[in-house]
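K.L.:
Please find one structure pasted underneath; my questions will follow.
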Amino acid sequence: MTYLPAENRYDSMKYNRTGRSGLKLPAISLGLWHNFGGVDTLENSRAMIYKAFDLGITHFDLANNYGPPPGSAEETFGTILKQGFKAYRDEIIVSTKAGFYMWKGPYGEWGSRKYLMASLDQSLKRMGLEYVDIFYHHRPDPDTPLEETMGALDHIVRKGKALYIGLSNYNADQTSKAIQILRQLGTPCLIHQPSYSMFNRWIEHGLLDVLDKEGAGCIVYSPLAQGMLTDKYLKGIPDSSRAAKPHGFLNEKDITEERLDKIRKLNDLAQERDQSLAQMAIAWILRDSRITSVLVGASRVAQIEDNVAALRNLDFSQEELSRIEEILK
Ligand SMILES: NC(=O)c1ccc[n+]([C@@H]2O[C@H](COP(=O)([O-])OP(=O)(O)OC[C@H]3O[C@@H](n4cnc5c(N)ncnc54)[C@H](OP(=O)(O)O)[C@@H]3O)[C@@H](O)[C@H]2O)c1
């Protein structure tokens, strides 16, 4: 069955400039960390990619280790590309990363030139691509000189294997140093990918200022706190939810009574705004103009539709913002 994308796919999405670069990213991007692995159904994964693209989501985020098993999300994405989506390669931004454990031995994780070069070659093979648009170093490496890691990223761009470079999970100080090195090498840092949500606000204390000053973009991950900032856990733990699954990093014990109390109050406020809690959580992140894109995950098509509809109401009154601060205290 040939896929024909929606004619009106660019009509309602908002596209933001990434820092001071020439690249625009959709205000909402889709991540393939969960639900695109070998353990998941290809048909559901494909339906989510196509729905996202139909709604103007042009950016798909991967990493070498996404699955499970590790590598299988890139394989799934490669299969979807090969079976029809590759016709739209020039309309999409594909990112991948290396930094976390991927294979045995001393060259299978962290930040050496050896690991980064080999990992990207493996990722390109799994996806059947000649280049990715953005290649990230996934986490800082305390043992490898920053010059070596940044040198490898610069080399990767010069070889044409990635068009842009990003950093993920670097703190403000590490980011500042890495950006200076990249600038000296002549390959600017396009973007940073940190965690951020109403429940996790560390980037407000330095990182966002560094990115703003240096002209780098910011795409935030786990904006819904892996699903906690939705109404799904208000009546217990659904069987199909991330918290109930054996793999992943969200556990039933994370859904505490204290959390639920905040979620309930936030959900009430979202309803007053005629939004789902997921939509309000996304809109709240986009209130800061330094955020380029909100990188959501999804387990089904309806969640992507729900999340993109957040763009219909991005405005907050001062009173609403104060109420949110009060709830999050
Ligand atoms: N750089 C890094 O170190 C790093 C780390 C983590 C993630 N990431 C990236 O960020 C992406 C997003 O992370 P994330 O998946 O943790 O983000 P998230 O958006 O906080 O959580 C996604 C989960 O929330 C639930 N959900 C989403 N929309 C919903 C809706 N409208 N209503 C109800 N539930 C909804 C789904 O959970 P259920 O499965 O329960 O339905 C979905 O799997 C990843 O795919 C990855 O690309 C990067």
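Simple scheme: letters A, B, ... for chains in structure tokens order, numbers from 1 for residues in each chain, numbers from 1 for ligands in the order shown.
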Which residues are near ligand 1 in this structure, taking near to mean any atom at most 7 Å from a ligand atom and counting only C-alpha atoms and all ligand atoms? Format them as number ranges by chain.
P.N.:
A: 30-34, 61-62, 138, 168-169, 193-195, 221-227, 230-232, 240-243, 278, 295-300, 303-304, 306-307
K.L.:
Could you turn the residues from that selection into a file that holds C-alpha atoms, as a PDB file, in the first residue's frame?
P.N.:
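Once written, part10.pdb looks like this:
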ATOM      1  CA  LEU A  30       8.588  12.566  17.716  1.00  0.00           C
ATOM      2  CA  GLY A  31      11.051  10.336  19.574  1.00  0.00           C
ATOM      3  CA  LEU A  32      11.466   6.612  18.915  1.00  0.00           C
ATOM      4  CA  TRP A  33      12.914   5.579  22.293  1.00  0.00           C
ATOM      5  CA  HIS A  34       9.933   3.358  23.180  1.00  0.00           C
ATOM      6  CA  ASP A  61      14.682  11.352  16.927  1.00  0.00           C
ATOM      7  CA  LEU A  62      16.571   8.081  17.421  1.00  0.00           C
ATOM      8  CA  HIS A 138      24.372  11.273  24.063  1.00  0.00           C
ATOM      9  CA  SER A 168      22.671  15.686  25.075  1.00  0.00           C
ATOM     10  CA  ASN A 169      22.659  15.508  28.863  1.00  0.00           C
ATOM     11  CA  GLN A 193      18.814  17.771  24.029  1.00  0.00           C
ATOM     12  CA  PRO A 194      18.139  17.832  27.792  1.00  0.00           C
ATOM     13  CA  SER A 195      15.310  16.375  29.872  1.00  0.00           C
ATOM     14  CA  TYR A 221      12.936  15.168  26.042  1.00  0.00           C
ATOM     15  CA  SER A 222      10.437  13.414  28.332  1.00  0.00           C
ATOM     16  CA  PRO A 223       8.173  16.520  28.332  1.00  0.00           C
ATOM     17  CA  LEU A 224       5.318  14.441  29.753  1.00  0.00           C
ATOM     18  CA  ALA A 225       7.586  12.860  32.404  1.00  0.00           C
ATOM     19  CA  GLN A 226       7.224   9.598  30.447  1.00  0.00           C
ATOM     20  CA  GLY A 227       3.440   9.763  30.610  1.00  0.00           C
ATOM     21  CA  THR A 230      -1.234  12.951  31.385  1.00  0.00           C
ATOM     22  CA  ASP A 231      -4.471  11.687  32.875  1.00  0.00           C
ATOM     23  CA  LYS A 232      -3.555   8.012  32.336  1.00  0.00           C
ATOM     24  CA  SER A 240      -0.579  -1.185  28.388  1.00  0.00           C
ATOM     25  CA  SER A 241       1.192   1.813  29.976  1.00  0.00           C
ATOM     26  CA  ARG A 242       4.924   2.401  30.176  1.00  0.00           C
ATOM     27  CA  ALA A 243       4.905   2.055  33.965  1.00  0.00           C
ATOM     28  CA  ALA A 278      -0.634  16.337  28.032  1.00  0.00           C
ATOM     29  CA  LEU A 295      10.279  15.901  21.826  1.00  0.00           C
ATOM     30  CA  VAL A 296       7.355  13.654  22.720  1.00  0.00           C
ATOM     31  CA  GLY A 297       7.070   9.882  22.759  1.00  0.00           C
ATOM     32  CA  ALA A 298       3.925   7.943  21.945  1.00  0.00           C
ATOM     33  CA  SER A 299       2.560   4.414  22.054  1.00  0.00           C
ATOM     34  CA  ARG A 300      -0.391   5.022  19.723  1.00  0.00           C
ATOM     35  CA  GLN A 303      -1.584  10.310  21.521  1.00  0.00           C
ATOM     36  CA  ILE A 304       0.220  12.060  18.659  1.00  0.00           C
ATOM     37  CA  ASP A 306      -3.718  14.777  21.158  1.00  0.00           C
ATOM     38  CA  ASN A 307      -0.204  16.189  21.594  1.00  0.00           C
TER      39      ASN A 307
END
K.L.:
Kindly indicate which residue among A:Tyr66, A:Trp202, A:Phe77, A:Tyr196 lies nearest to Asn44 of chain A, using only C-alpha atoms for the distances.
P.N.:
A:Phe77
K.L.:
For the contact check between segment 112-174 of chain A and segment 67-75 of chain A, emit one row per residue of segment 112-174 of chain A within 12 Å, containing the shortest atom pair and the distance in Å rounded to one decimal, counting only C-alpha atoms, chain then rising number order, as a Markdown table.
P.N.:
| residue | atom | partner | partner_atom | distance |
| --- | --- | --- | --- | --- |
| A:Ser119 | CA | A:Gly71 | CA | 10.3 |
| A:Leu120 | CA | A:Glu74 | CA | 11.3 |
| A:Gln122 | CA | A:Gly71 | CA | 8.8 |
| A:Ser123 | CA | A:Glu74 | CA | 6.8 |
| A:Leu124 | CA | A:Glu74 | CA | 8.6 |
| A:Lys125 | CA | A:Glu75 | CA | 8.7 |
| A:Arg126 | CA | A:Glu75 | CA | 5.0 |
| A:Met127 | CA | A:Glu74 | CA | 5.4 |
| A:Gly128 | CA | A:Glu75 | CA | 8.5 |
| A:Leu129 | CA | A:Glu74 | CA | 10.4 |
| A:Val132 | CA | A:Glu74 | CA | 11.6 |
K.L.:
Do you know which residues are at most 7 Å from Ile282 of chain A counting only C-alpha atoms, after dropping those on the same chain fewer than 3 positions away, and could you put them as number ranges by chain?
P.N.:
A: 223, 278-279, 285-286, 294, 310
K.L.:
Could you jot down the atom CA of Arg183 of chain A to atom CA of Asn16 of chain A separation for me, Å, one decimal place?
P.N.:
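Spanning atom CA of Arg183 of chain A to atom CA of Asn16 of chain A is a straight-line distance of 22.5 Å.
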K.L.:
Quick one: DSSP strand (DSSP E) residues in segment 27-244 of chain A, as a PyMOL selection string?
P.N.:
chain A and resi 28-31+59-61+93-98+132-137+162-168+189-193+217-221
K.L.:
Taking into account only C-alpha atoms, which residue in the set A:Ala172, A:Ser197, A:Leu234, A:Ala52 is nearest to Ala302 of chain A?
P.N.:
A:Ala52
K.L.:
Do a neighbour search on Ile156 of chain A at 9 Å with only C-alpha atoms, toss out local chain neighbours closer than 6 positions, and write the hits as an MDAnalysis selection string.
P.N.:
chainID A and resid 116:117 120 135 162:163 165
K.L.:
Take the residues from that selection and put them in a file with N, CA and C atoms, as a PDB file, in the first residue's frame.
P.N.:
ATOM      1  N   LEU A 116      32.495   6.656  18.561  1.00  0.00           N
ATOM      2  CA  LEU A 116      31.523   7.514  17.858  1.00  0.00           C
ATOM      3  C   LEU A 116      31.505   7.238  16.359  1.00  0.00           C
ATOM      4  N   MET A 117      32.684   7.079  15.772  1.00  0.00           N
ATOM      5  CA  MET A 117      32.743   6.823  14.326  1.00  0.00           C
ATOM      6  C   MET A 117      32.095   5.478  13.990  1.00  0.00           C
ATOM      7  N   LEU A 120      28.140   5.522  14.564  1.00  0.00           N
ATOM      8  CA  LEU A 120      27.350   6.202  13.526  1.00  0.00           C
ATOM      9  C   LEU A 120      27.301   5.351  12.254  1.00  0.00           C
ATOM     10  N   PHE A 135      23.623  14.530  14.503  1.00  0.00           N
ATOM     11  CA  PHE A 135      24.260  13.459  15.282  1.00  0.00           C
ATOM     12  C   PHE A 135      24.640  14.024  16.645  1.00  0.00           C
ATOM     13  N   ALA A 162      26.892  13.442   8.900  1.00  0.00           N
ATOM     14  CA  ALA A 162      25.846  14.196   9.624  1.00  0.00           C
ATOM     15  C   ALA A 162      25.916  15.635   9.136  1.00  0.00           C
ATOM     16  N   LEU A 163      24.747  16.280   9.101  1.00  0.00           N
ATOM     17  CA  LEU A 163      24.752  17.676   8.653  1.00  0.00           C
ATOM     18  C   LEU A 163      25.006  18.629   9.814  1.00  0.00           C
ATOM     19  N   ILE A 165      25.549  18.923  14.409  1.00  0.00           N
ATOM     20  CA  ILE A 165      25.996  18.267  15.640  1.00  0.00           C
ATOM     21  C   ILE A 165      25.165  18.725  16.835  1.00  0.00           C
TER      22      ILE A 165
END
K.L.:
Would you pick out the contacts of Asn171 of chain A at 9 Å or less, using only C-alpha atoms, so that residues sharing its chain but fewer than 2 positions from it are not included, and give the list as a list in words?
P.N.:
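Selected residues are Pro140, Ser168, Asn169, Asp173, Gln174, Thr175, Ser176, Pro194, Ile203, Gly206 and Leu207 of chain A.
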K.L.:
Atoms to include: N, CA and C atoms. Write the selected residues as a PDB file, in the first residue's frame.
P.N.:
ATOM      1  N   PRO A 140      27.868  13.143  28.503  1.00  0.00           N
ATOM      2  CA  PRO A 140      29.270  13.517  28.670  1.00  0.00           C
ATOM      3  C   PRO A 140      30.093  12.322  29.162  1.00  0.00           C
ATOM      4  N   SER A 168      23.807  16.061  24.235  1.00  0.00           N
ATOM      5  CA  SER A 168      22.671  15.686  25.075  1.00  0.00           C
ATOM      6  C   SER A 168      23.161  15.365  26.477  1.00  0.00           C
ATOM      7  N   ASN A 169      22.386  15.803  27.453  1.00  0.00           N
ATOM      8  CA  ASN A 169      22.659  15.508  28.863  1.00  0.00           C
ATOM      9  C   ASN A 169      23.955  16.148  29.389  1.00  0.00           C
ATOM     10  N   ASP A 173      27.999  23.937  32.305  1.00  0.00           N
ATOM     11  CA  ASP A 173      29.435  24.176  32.195  1.00  0.00           C
ATOM     12  C   ASP A 173      30.058  23.322  31.085  1.00  0.00           C
ATOM     13  N   GLN A 174      29.699  22.043  31.070  1.00  0.00           N
ATOM     14  CA  GLN A 174      30.217  21.146  30.026  1.00  0.00           C
ATOM     15  C   GLN A 174      29.780  21.628  28.640  1.00  0.00           C
ATOM     16  N   THR A 175      28.540  22.110  28.570  1.00  0.00           N
ATOM     17  CA  THR A 175      28.006  22.583  27.286  1.00  0.00           C
ATOM     18  C   THR A 175      28.787  23.791  26.797  1.00  0.00           C
ATOM     19  N   SER A 176      29.044  24.709  27.716  1.00  0.00           N
ATOM     20  CA  SER A 176      29.756  25.926  27.367  1.00  0.00           C
ATOM     21  C   SER A 176      31.143  25.576  26.814  1.00  0.00           C
ATOM     22  N   PRO A 194      18.214  18.159  26.370  1.00  0.00           N
ATOM     23  CA  PRO A 194      18.139  17.832  27.792  1.00  0.00           C
ATOM     24  C   PRO A 194      16.749  17.311  28.171  1.00  0.00           C
ATOM     25  N   ILE A 203      17.061  22.604  33.769  1.00  0.00           N
ATOM     26  CA  ILE A 203      17.670  23.448  32.715  1.00  0.00           C
ATOM     27  C   ILE A 203      17.399  24.939  32.930  1.00  0.00           C
ATOM     28  N   GLY A 206      20.650  27.608  34.471  1.00  0.00           N
ATOM     29  CA  GLY A 206      21.948  27.806  33.813  1.00  0.00           C
ATOM     30  C   GLY A 206      22.007  27.344  32.367  1.00  0.00           C
ATOM     31  N   LEU A 207      21.548  26.122  32.098  1.00  0.00           N
ATOM     32  CA  LEU A 207      21.727  25.593  30.735  1.00  0.00           C
ATOM     33  C   LEU A 207      21.024  26.444  29.676  1.00  0.00           C
TER      34      LEU A 207
END
K.L.:
Do you know which residues are at most 12 Å from segment 80-92 of chain A counting only C-alpha atoms, after dropping those on the same chain fewer than 5 positions away, and could you put them as a PyMOL selection string?
P.N.:
chain A and resi 1-5+9-10+23-26+29-30+36+42-50+52-54+56-61+73-75+126-134
K.L.:
Quick one: DSSP alpha helix (DSSP H) residues in segment 216-299 of chain A, as number ranges by chain?
P.N.:
A: 257-272, 277-286
K.L.:
Atom CA of Ala63 of chain A and atom CA of Thr96 of chain A, how far apart in Å?
P.N.:
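Interatomic distance, atom CA of Thr96 of chain A to atom CA of Ala63 of chain A: 4.3 Å.
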K.L.:
Would you please work out which residue, of A:Trp284, A:Leu269, A:Thr18, A:Tyr164, is nearest to Cys218 of chain A when using only C-alpha atoms?
P.N.:
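Closest residue, counting only C-alpha atoms: A:Thr18.
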K.L.:
Hey, can you check how far atom CA of Pro145 of chain A sits from atom CA of Lys97 of chain A?
P.N.:
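We find that atom CA of Pro145 of chain A and atom CA of Lys97 of chain A lie 18.5 Å from each other.
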K.L.:
Any idea what's packed within 8 Å of Glu252 of chain A, counting only C-alpha atoms, ignoring anything in its chain fewer than 2 positions away? Could you give it as a PDB file with C-alpha atoms, in the first residue's frame?
P.N.:
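Final output, saved to out35.pdb:
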ATOM      1  CA  ILE A 237      -1.768   1.767  36.285  1.00  0.00           C
ATOM      2  CA  ALA A 243       4.905   2.055  33.965  1.00  0.00           C
ATOM      3  CA  ALA A 244       3.450  -1.451  33.632  1.00  0.00           C
ATOM      4  CA  LEU A 250       9.326   4.325  34.450  1.00  0.00           C
ATOM      5  CA  ASP A 254       7.431   6.357  40.529  1.00  0.00           C
ATOM      6  CA  ILE A 255       3.660   7.021  40.562  1.00  0.00           C
TER       7      ILE A 255
END
K.L.:
With distances taken over only C-alpha atoms, which residue among A:Asp141, A:Gln271, A:Gly19, A:Ile327 lies nearest Met198 of chain A?
P.N.:
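Of the candidates, the smallest distance to Met198 of chain A is held by A:Ile327.
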